[in-house]
Amino acid sequence: MAGMDVEDQDSQDEALGTPDLDEAREAKAVKKAPTRRRSFSFGKKDVVHKLLKWYDQDIQDRLEWSERRLQRYAKYRGWLEAKDFPWPDASNVFIPLMMTDSQQMQDTLSNGVLSQRPVMAPQAVNPADREKHETIAQLLDYQIMVEQTGEKKLANLIESFVNDGTMYSLQTWITDEQDTEQVEYFPPLEPGTPADFQLKIRIEGIFKDTPAASIEPTDVENPWTWDVKWYDENHKDHTARVEFYTNDDNRLLCIVKRKVVIFDGPCVIPKSEEDIVFPSRAENLQPPSPSNPSGAHHVFIVDYPSKDELKRLMKSKYYDLATDEDLEVLAEQKVHQGVGPGSADDPGQHKIQRDALAGQTFGNAETASETYTRMMCFARWDVDGDGLDENVVFWILKEHRLVLRARLLSEFTPLEGNKRPLMSQQFIEVPGQIRGIGLLELLEHIQDSMKILVDQTIDKNTLVNTPWFAFRASSGVRPEVIRMAPGEGYPMANPQQDIAFPQIPNPDQTLSLNMLAVFNQWAERQVVIGELQFGRVPQGKASALRTSSGMQSVLQQGAARPERLIRRFFLGLAEVYSQCHELNGVYLKPNKQYRILGMSTPGADPYKTVDDPSKVRGKMTFEFKANSLNTNKAFRSQVLKDMGAMTFNPMTMQMGLATPENFYNWLQDMWKDSGQDPNRYLNPPSPQSSMPRITAEQAVGLLYQGIIPEQLPSEGPQMHMARLQQLMTQLQKEGALDEAFMSLAQAYLQKVQAQVQQAQMMA
């Protein structure tokens, strides 16, 4: 019996009529579920050689641009080179024009994003998905803004968008599972009761949410260590190690070691300019096609993982193309000659140079030498041997020239249209190019001119205060280069003739100040950021800003370009939300819990659950309502006051143009703009105010399902009832109504009729 294999054991159990045979077969079927891995046919060496060749060519194409970008960023940060002209220690002033205007533009975009939540409003392409709008918007808002610190990631995107002229991000579904230790304390064990019995009861309490878990001691003779095993809904096995110790105060210390999923959802990963590499003259990051002829043939995304991360991914077979020999080579830290992180053409060198300009050094730490260059490459390659290229994603370790992993693009991220999970958006568009024009590039030459002028002005003042002079060699002045100092006297025979100070023309700085004012005007026209955007009244404009309407008129005159820039940023953000929504439709697990932020209805439950992923599936477009005027809370509050005075009056209330719910929503917006919680001061006008809305078409759909709608009419009771009667008349002509439907419809019509009468009485 000891040497019997599993199949022989099964046959013997069947012959003996074992009562647990069915359970054993079921457990065996779970453990040995049939699997099939996709196989590809390509040469690893050919892939590495060709991809690294493309990578090096793209790096060479952008070398000069990268150098200009680095110098531009140094001017933005005020990292100035030493200056020895026209004399050593001459004026070398930092003009913070680029930094000031960049920070102002970033603040404007950030306020535009965070002024309303959810940031994006989904709109269904298919009318059948209209009722999913609210759930999708709230779920994405929680996933992006809460689960992955969305404000920080948005700040990174905004910084790249404004300074570099282009922002990039990668959207992918990430399930991050890490080893954790859970610590629990229990009272001491009771004497007289077996220890293993007491310990098992405590373990069952810890794993009460997994009732099918198997709890067994690791060693029969050692009751202090236990193994807990269970299967999840995807038939994946899990194991936890439970260890018990006696604490100093005689309490029982329990340590549970297991893998825990700390993140599971769509992840937005902003990418800096140097870490994304693509061919020149590509117009977007998507694959080229007849409908997208200017797409990028390939795109490299570079990052720098540690050796430990690579080893873990290799051992877990996530990098399924890496062999055991590759793992041994990595452990020995053998690097291929000529392609390390210190190569001159590596994007990491841009980061190292930036650190050096900032006065920091990278590479001295021992951990810095244990980082590698990993490239995720989106390319087209024939991986099935049919002679035609497919959209593929490769993971390559550059130092060792290894292909770690390969997947079809549709398998990696099944986005609609076989799109790459990448987003790029330009600050100012350049036709035929992915890279746009940033704010720093707009202001660079103006700041250079202002710096030259200010340096010359200070140097001129230096000459006026301490002018150079000439003296007769035979005079009483010492025959060497000397410096005059205040309060010092020098003996000479004839001071009026022995020494001469030149007269510097135009000692005042009127011309310099006028030129600086002209440069500043040019800068304001270039970026549309002036005194008004910094909260100050422009000179000569006080009369125009005495009223809110006058202020609005002045702001609108300069809002054309900021409005367009905000729209461009939100177009990129809409692409991010769209890709995350599509990932939810494929990978979202049942019973996903999320929290609604900023509940507008007091007493409502902010904790929601998506029990079925089909409730968030559907083709959606994402819209936004931000503009250059609602990025300022104070001004938006003033606009709301003017709109309220115009909208809410006895005439509009009596005509039904404005309802108590509309007035309640207006007051809520006013309180939110003041930074206060409206639920502390306002109550809904009726209990039904917090109920969702429904159209007549949606109500007919629910009636067909045998459900009387509980939602409020979105068109208003009177128009809702008229539309219902129109639809029912049309369906009756088509013979699509039965007795069950008519009985439910009559009950619903009576309910709507009561709402109509109530609205008339209120009017």
# chains A, B, ... in the order shown; residues from 1 in each chain; ligands from 1
>>> select_by_dssp(residues="segment 556-742 of chain A", states="strand (DSSP E)", output="list in words")
Lys592, Gln593, Tyr594, Arg595, Tyr607, Lys608, Thr609, Val610, Met620, Thr621, Phe622, Glu623, Arg693, Ile694, Leu712 and Pro713 of chain A
>>> write_last_selection(atoms="C-alpha atoms", output="CSV table (one decimal), in the first residue's frame")
chain,number,residue,atom,x,y,z
A,592,LYS,CA,-16.6,44.3,-4.7
A,593,GLN,CA,-17.1,46.8,-1.9
A,594,TYR,CA,-16.5,50.5,-2.2
A,595,ARG,CA,-17.4,53.7,-0.4
A,607,TYR,CA,-21.0,51.7,1.7
A,608,LYS,CA,-22.0,49.9,-1.4
A,609,THR,CA,-21.3,46.5,-3.0
A,610,VAL,CA,-21.2,45.4,-6.6
A,620,MET,CA,-19.3,54.0,-21.9
A,621,THR,CA,-18.0,57.4,-22.9
A,622,PHE,CA,-16.7,59.7,-20.2
A,623,GLU,CA,-17.5,63.4,-20.0
A,693,ARG,CA,-34.5,58.8,-10.9
A,694,ILE,CA,-36.0,56.7,-13.7
A,712,LEU,CA,-38.9,59.0,-8.9
A,713,PRO,CA,-39.7,60.2,-12.5
>>> residues_around(residues="Leu597 of chain A", least_positions_apart="5", cutoff="9 Å", atoms="only C-alpha atoms", output="list in words")
Arg117, Pro118, Gln138, Asp141, Tyr142 and Pro606 of chain A
>>> residues_around(residues="Leu737 of chain A", least_positions_apart="5", cutoff="9 Å", atoms="only C-alpha atoms", output="number ranges by chain")
A: 704, 728, 731-732, 742
>>> residues_around(residues="Asp459 of chain A", least_positions_apart="6", cutoff="12 Å", atoms="only C-alpha atoms", output="compact mmCIF listing (two decimals) with N, CA, C and O atoms, in the first residue's frame")
# COMPACT_ATOMS: atom_id res chain seq x y z
N ASP A 84 31.47 83.30 -14.69
CA ASP A 84 32.71 84.08 -14.51
C ASP A 84 32.86 85.14 -15.58
O ASP A 84 33.99 85.57 -15.88
N PHE A 85 31.75 85.56 -16.18
CA PHE A 85 31.78 86.63 -17.18
C PHE A 85 30.78 87.71 -16.77
O PHE A 85 29.68 87.39 -16.33
N PRO A 86 31.13 88.97 -16.83
CA PRO A 86 32.38 89.56 -17.37
C PRO A 86 33.53 89.54 -16.37
O PRO A 86 34.63 89.97 -16.72
N TRP A 87 33.28 89.08 -15.16
CA TRP A 87 34.36 88.91 -14.20
C TRP A 87 33.95 87.80 -13.24
O TRP A 87 32.78 87.42 -13.16
N PRO A 88 34.86 87.23 -12.52
CA PRO A 88 34.49 86.17 -11.56
C PRO A 88 33.48 86.68 -10.54
O PRO A 88 33.52 87.84 -10.11
N ASP A 89 32.54 85.79 -10.19
CA ASP A 89 31.47 86.11 -9.23
C ASP A 89 30.57 87.24 -9.73
O ASP A 89 30.04 88.04 -8.95
N ALA A 90 30.40 87.30 -11.06
CA ALA A 90 29.46 88.27 -11.61
C ALA A 90 28.03 87.86 -11.26
O ALA A 90 27.77 86.75 -10.77
N SER A 91 27.10 88.75 -11.51
CA SER A 91 25.70 88.50 -11.16
C SER A 91 25.19 87.23 -11.85
O SER A 91 25.40 87.02 -13.05
N ASN A 92 24.51 86.38 -11.08
CA ASN A 92 23.96 85.12 -11.60
C ASN A 92 22.62 84.88 -10.90
O ASN A 92 22.49 84.03 -10.02
N VAL A 93 21.61 85.64 -11.30
CA VAL A 93 20.33 85.69 -10.62
C VAL A 93 19.39 84.63 -11.20
O VAL A 93 19.37 84.40 -12.42
N ILE A 452 19.34 87.63 -18.47
CA ILE A 452 20.47 88.41 -19.02
C ILE A 452 20.33 89.88 -18.65
O ILE A 452 21.30 90.53 -18.22
N LEU A 453 19.09 90.39 -18.79
CA LEU A 453 18.87 91.80 -18.50
C LEU A 453 19.08 92.10 -17.01
O LEU A 453 19.72 93.11 -16.65
N ASN A 465 28.75 101.57 -8.35
CA ASN A 465 29.10 101.68 -6.93
C ASN A 465 30.61 101.55 -6.70
O ASN A 465 31.18 102.22 -5.85
N THR A 466 31.25 100.66 -7.44
CA THR A 466 32.70 100.46 -7.30
C THR A 466 33.32 100.50 -8.69
O THR A 466 33.64 99.45 -9.28
N PRO A 467 33.48 101.68 -9.29
CA PRO A 467 33.96 101.76 -10.68
C PRO A 467 35.45 101.41 -10.77
O PRO A 467 36.21 101.52 -9.80
N PRO A 507 23.56 106.07 -15.55
CA PRO A 507 23.73 105.27 -14.33
C PRO A 507 22.41 104.77 -13.74
O PRO A 507 22.39 103.83 -12.97
N GLN A 509 18.55 102.98 -13.83
CA GLN A 509 18.11 101.70 -14.40
C GLN A 509 16.72 101.80 -15.02
O GLN A 509 15.98 100.81 -15.07
>>> closest_residue(among="A:Glu243, A:Glu309, A:Glu221, A:Asp61", to="Arg202 of chain A", atoms="only C-alpha atoms")
A:Glu243
>>> closest_residue(among="A:Thr413, A:Ser214, A:Thr108, A:Ser306", to="Ala331 of chain A", atoms="only C-alpha atoms")
A:Ser306
>>> residues_around(residues="Glu216 of chain A", least_positions_apart="5", cutoff="10 Å", atoms="only C-alpha atoms", output="PyMOL selection string")
chain A and resi 196+200+223+225-229
>>> decode(residues="segment 579-591 of chain A", atoms="all heavy atoms", output="PDB file, in the first residue's frame")
ATOM      1  N   GLN A 579     -10.309  53.203 -19.978  1.00  0.00           N
ATOM      2  CA  GLN A 579      -9.553  51.955 -19.934  1.00  0.00           C
ATOM      3  C   GLN A 579      -9.745  51.245 -18.594  1.00  0.00           C
ATOM      4  O   GLN A 579      -9.854  50.006 -18.552  1.00  0.00           O
ATOM      5  CB  GLN A 579      -8.074  52.239 -20.196  1.00  0.00           C
ATOM      6  CG  GLN A 579      -7.790  52.729 -21.611  1.00  0.00           C
ATOM      7  CD  GLN A 579      -6.315  52.932 -21.878  1.00  0.00           C
ATOM      8  OE1 GLN A 579      -5.462  52.552 -21.088  1.00  0.00           O
ATOM      9  NE2 GLN A 579      -5.989  53.546 -23.003  1.00  0.00           N
ATOM     10  N   CYS A 580      -9.803  51.991 -17.496  1.00  0.00           N
ATOM     11  CA  CYS A 580     -10.050  51.362 -16.193  1.00  0.00           C
ATOM     12  C   CYS A 580     -11.438  50.740 -16.154  1.00  0.00           C
ATOM     13  O   CYS A 580     -11.637  49.665 -15.567  1.00  0.00           O
ATOM     14  CB  CYS A 580      -9.891  52.388 -15.076  1.00  0.00           C
ATOM     15  SG  CYS A 580      -8.186  52.936 -14.794  1.00  0.00           S
ATOM     16  N   HIS A 581     -12.409  51.395 -16.772  1.00  0.00           N
ATOM     17  CA  HIS A 581     -13.763  50.830 -16.823  1.00  0.00           C
ATOM     18  C   HIS A 581     -13.779  49.524 -17.611  1.00  0.00           C
ATOM     19  O   HIS A 581     -14.431  48.546 -17.200  1.00  0.00           O
ATOM     20  CB  HIS A 581     -14.713  51.844 -17.459  1.00  0.00           C
ATOM     21  CG  HIS A 581     -16.031  51.264 -17.869  1.00  0.00           C
ATOM     22  ND1 HIS A 581     -16.939  50.762 -16.970  1.00  0.00           N
ATOM     23  CD2 HIS A 581     -16.579  51.071 -19.106  1.00  0.00           C
ATOM     24  CE1 HIS A 581     -18.006  50.307 -17.616  1.00  0.00           C
ATOM     25  NE2 HIS A 581     -17.799  50.469 -18.908  1.00  0.00           N
ATOM     26  N   GLU A 582     -13.077  49.469 -18.720  1.00  0.00           N
ATOM     27  CA  GLU A 582     -13.031  48.232 -19.498  1.00  0.00           C
ATOM     28  C   GLU A 582     -12.322  47.120 -18.725  1.00  0.00           C
ATOM     29  O   GLU A 582     -12.703  45.945 -18.823  1.00  0.00           O
ATOM     30  CB  GLU A 582     -12.337  48.487 -20.836  1.00  0.00           C
ATOM     31  CG  GLU A 582     -13.119  49.399 -21.771  1.00  0.00           C
ATOM     32  CD  GLU A 582     -12.499  49.487 -23.149  1.00  0.00           C
ATOM     33  OE1 GLU A 582     -12.152  48.436 -23.706  1.00  0.00           O
ATOM     34  OE2 GLU A 582     -12.349  50.612 -23.668  1.00  0.00           O
ATOM     35  N   LEU A 583     -11.292  47.467 -17.968  1.00  0.00           N
ATOM     36  CA  LEU A 583     -10.632  46.453 -17.138  1.00  0.00           C
ATOM     37  C   LEU A 583     -11.580  45.922 -16.063  1.00  0.00           C
ATOM     38  O   LEU A 583     -11.569  44.723 -15.752  1.00  0.00           O
ATOM     39  CB  LEU A 583      -9.375  47.046 -16.496  1.00  0.00           C
ATOM     40  CG  LEU A 583      -8.222  47.380 -17.442  1.00  0.00           C
ATOM     41  CD1 LEU A 583      -7.118  48.128 -16.695  1.00  0.00           C
ATOM     42  CD2 LEU A 583      -7.657  46.122 -18.077  1.00  0.00           C
ATOM     43  N   ASN A 584     -12.407  46.786 -15.486  1.00  0.00           N
ATOM     44  CA  ASN A 584     -13.398  46.328 -14.514  1.00  0.00           C
ATOM     45  C   ASN A 584     -14.371  45.336 -15.136  1.00  0.00           C
ATOM     46  O   ASN A 584     -14.781  44.358 -14.504  1.00  0.00           O
ATOM     47  CB  ASN A 584     -14.182  47.513 -13.949  1.00  0.00           C
ATOM     48  CG  ASN A 584     -13.480  48.181 -12.792  1.00  0.00           C
ATOM     49  OD1 ASN A 584     -12.694  47.552 -12.082  1.00  0.00           O
ATOM     50  ND2 ASN A 584     -13.740  49.453 -12.584  1.00  0.00           N
ATOM     51  N   GLY A 585     -14.749  45.578 -16.386  1.00  0.00           N
ATOM     52  CA  GLY A 585     -15.692  44.690 -17.043  1.00  0.00           C
ATOM     53  C   GLY A 585     -15.153  43.289 -17.247  1.00  0.00           C
ATOM     54  O   GLY A 585     -15.925  42.342 -17.399  1.00  0.00           O
ATOM     55  N   VAL A 586     -13.819  43.140 -17.252  1.00  0.00           N
ATOM     56  CA  VAL A 586     -13.210  41.825 -17.490  1.00  0.00           C
ATOM     57  C   VAL A 586     -12.745  41.178 -16.191  1.00  0.00           C
ATOM     58  O   VAL A 586     -12.966  39.989 -15.958  1.00  0.00           O
ATOM     59  CB  VAL A 586     -12.034  41.952 -18.486  1.00  0.00           C
ATOM     60  CG1 VAL A 586     -11.350  40.603 -18.686  1.00  0.00           C
ATOM     61  CG2 VAL A 586     -12.522  42.500 -19.812  1.00  0.00           C
ATOM     62  N   TYR A 587     -12.078  41.947 -15.316  1.00  0.00           N
ATOM     63  CA  TYR A 587     -11.382  41.360 -14.173  1.00  0.00           C
ATOM     64  C   TYR A 587     -12.070  41.582 -12.830  1.00  0.00           C
ATOM     65  O   TYR A 587     -11.656  40.977 -11.839  1.00  0.00           O
ATOM     66  CB  TYR A 587      -9.961  41.927 -14.081  1.00  0.00           C
ATOM     67  CG  TYR A 587      -9.096  41.606 -15.274  1.00  0.00           C
ATOM     68  CD1 TYR A 587      -8.684  42.606 -16.150  1.00  0.00           C
ATOM     69  CD2 TYR A 587      -8.690  40.306 -15.535  1.00  0.00           C
ATOM     70  CE1 TYR A 587      -7.884  42.315 -17.245  1.00  0.00           C
ATOM     71  CE2 TYR A 587      -7.896  40.009 -16.622  1.00  0.00           C
ATOM     72  CZ  TYR A 587      -7.494  41.020 -17.478  1.00  0.00           C
ATOM     73  OH  TYR A 587      -6.714  40.721 -18.562  1.00  0.00           O
ATOM     74  N   LEU A 588     -13.073  42.447 -12.751  1.00  0.00           N
ATOM     75  CA  LEU A 588     -13.675  42.747 -11.452  1.00  0.00           C
ATOM     76  C   LEU A 588     -14.307  41.494 -10.861  1.00  0.00           C
ATOM     77  O   LEU A 588     -15.065  40.786 -11.518  1.00  0.00           O
ATOM     78  CB  LEU A 588     -14.728  43.848 -11.591  1.00  0.00           C
ATOM     79  CG  LEU A 588     -15.321  44.356 -10.279  1.00  0.00           C
ATOM     80  CD1 LEU A 588     -14.267  45.118  -9.487  1.00  0.00           C
ATOM     81  CD2 LEU A 588     -16.533  45.241 -10.534  1.00  0.00           C
ATOM     82  N   LYS A 589     -14.001  41.239  -9.596  1.00  0.00           N
ATOM     83  CA  LYS A 589     -14.529  40.058  -8.910  1.00  0.00           C
ATOM     84  C   LYS A 589     -15.876  40.387  -8.262  1.00  0.00           C
ATOM     85  O   LYS A 589     -16.140  41.539  -7.928  1.00  0.00           O
ATOM     86  CB  LYS A 589     -13.532  39.565  -7.867  1.00  0.00           C
ATOM     87  CG  LYS A 589     -12.221  39.072  -8.465  1.00  0.00           C
ATOM     88  CD  LYS A 589     -11.263  38.626  -7.394  1.00  0.00           C
ATOM     89  CE  LYS A 589      -9.978  38.068  -8.001  1.00  0.00           C
ATOM     90  NZ  LYS A 589      -9.277  39.050  -8.851  1.00  0.00           N
ATOM     91  N   PRO A 590     -16.730  39.373  -8.067  1.00  0.00           N
ATOM     92  CA  PRO A 590     -18.034  39.625  -7.430  1.00  0.00           C
ATOM     93  C   PRO A 590     -17.861  40.177  -6.020  1.00  0.00           C
ATOM     94  O   PRO A 590     -16.840  40.012  -5.368  1.00  0.00           O
ATOM     95  CB  PRO A 590     -18.701  38.241  -7.433  1.00  0.00           C
ATOM     96  CG  PRO A 590     -17.991  37.457  -8.490  1.00  0.00           C
ATOM     97  CD  PRO A 590     -16.577  37.965  -8.493  1.00  0.00           C
ATOM     98  N   ASN A 591     -18.920  40.865  -5.576  1.00  0.00           N
ATOM     99  CA  ASN A 591     -18.999  41.423  -4.221  1.00  0.00           C
ATOM    100  C   ASN A 591     -17.879  42.420  -3.947  1.00  0.00           C
ATOM    101  O   ASN A 591     -17.277  42.432  -2.870  1.00  0.00           O
ATOM    102  CB  ASN A 591     -18.980  40.312  -3.170  1.00  0.00           C
ATOM    103  CG  ASN A 591     -20.145  39.353  -3.322  1.00  0.00           C
ATOM    104  OD1 ASN A 591     -21.260  39.777  -3.605  1.00  0.00           O
ATOM    105  ND2 ASN A 591     -19.884  38.067  -3.170  1.00  0.00           N
TER     106      ASN A 591
END
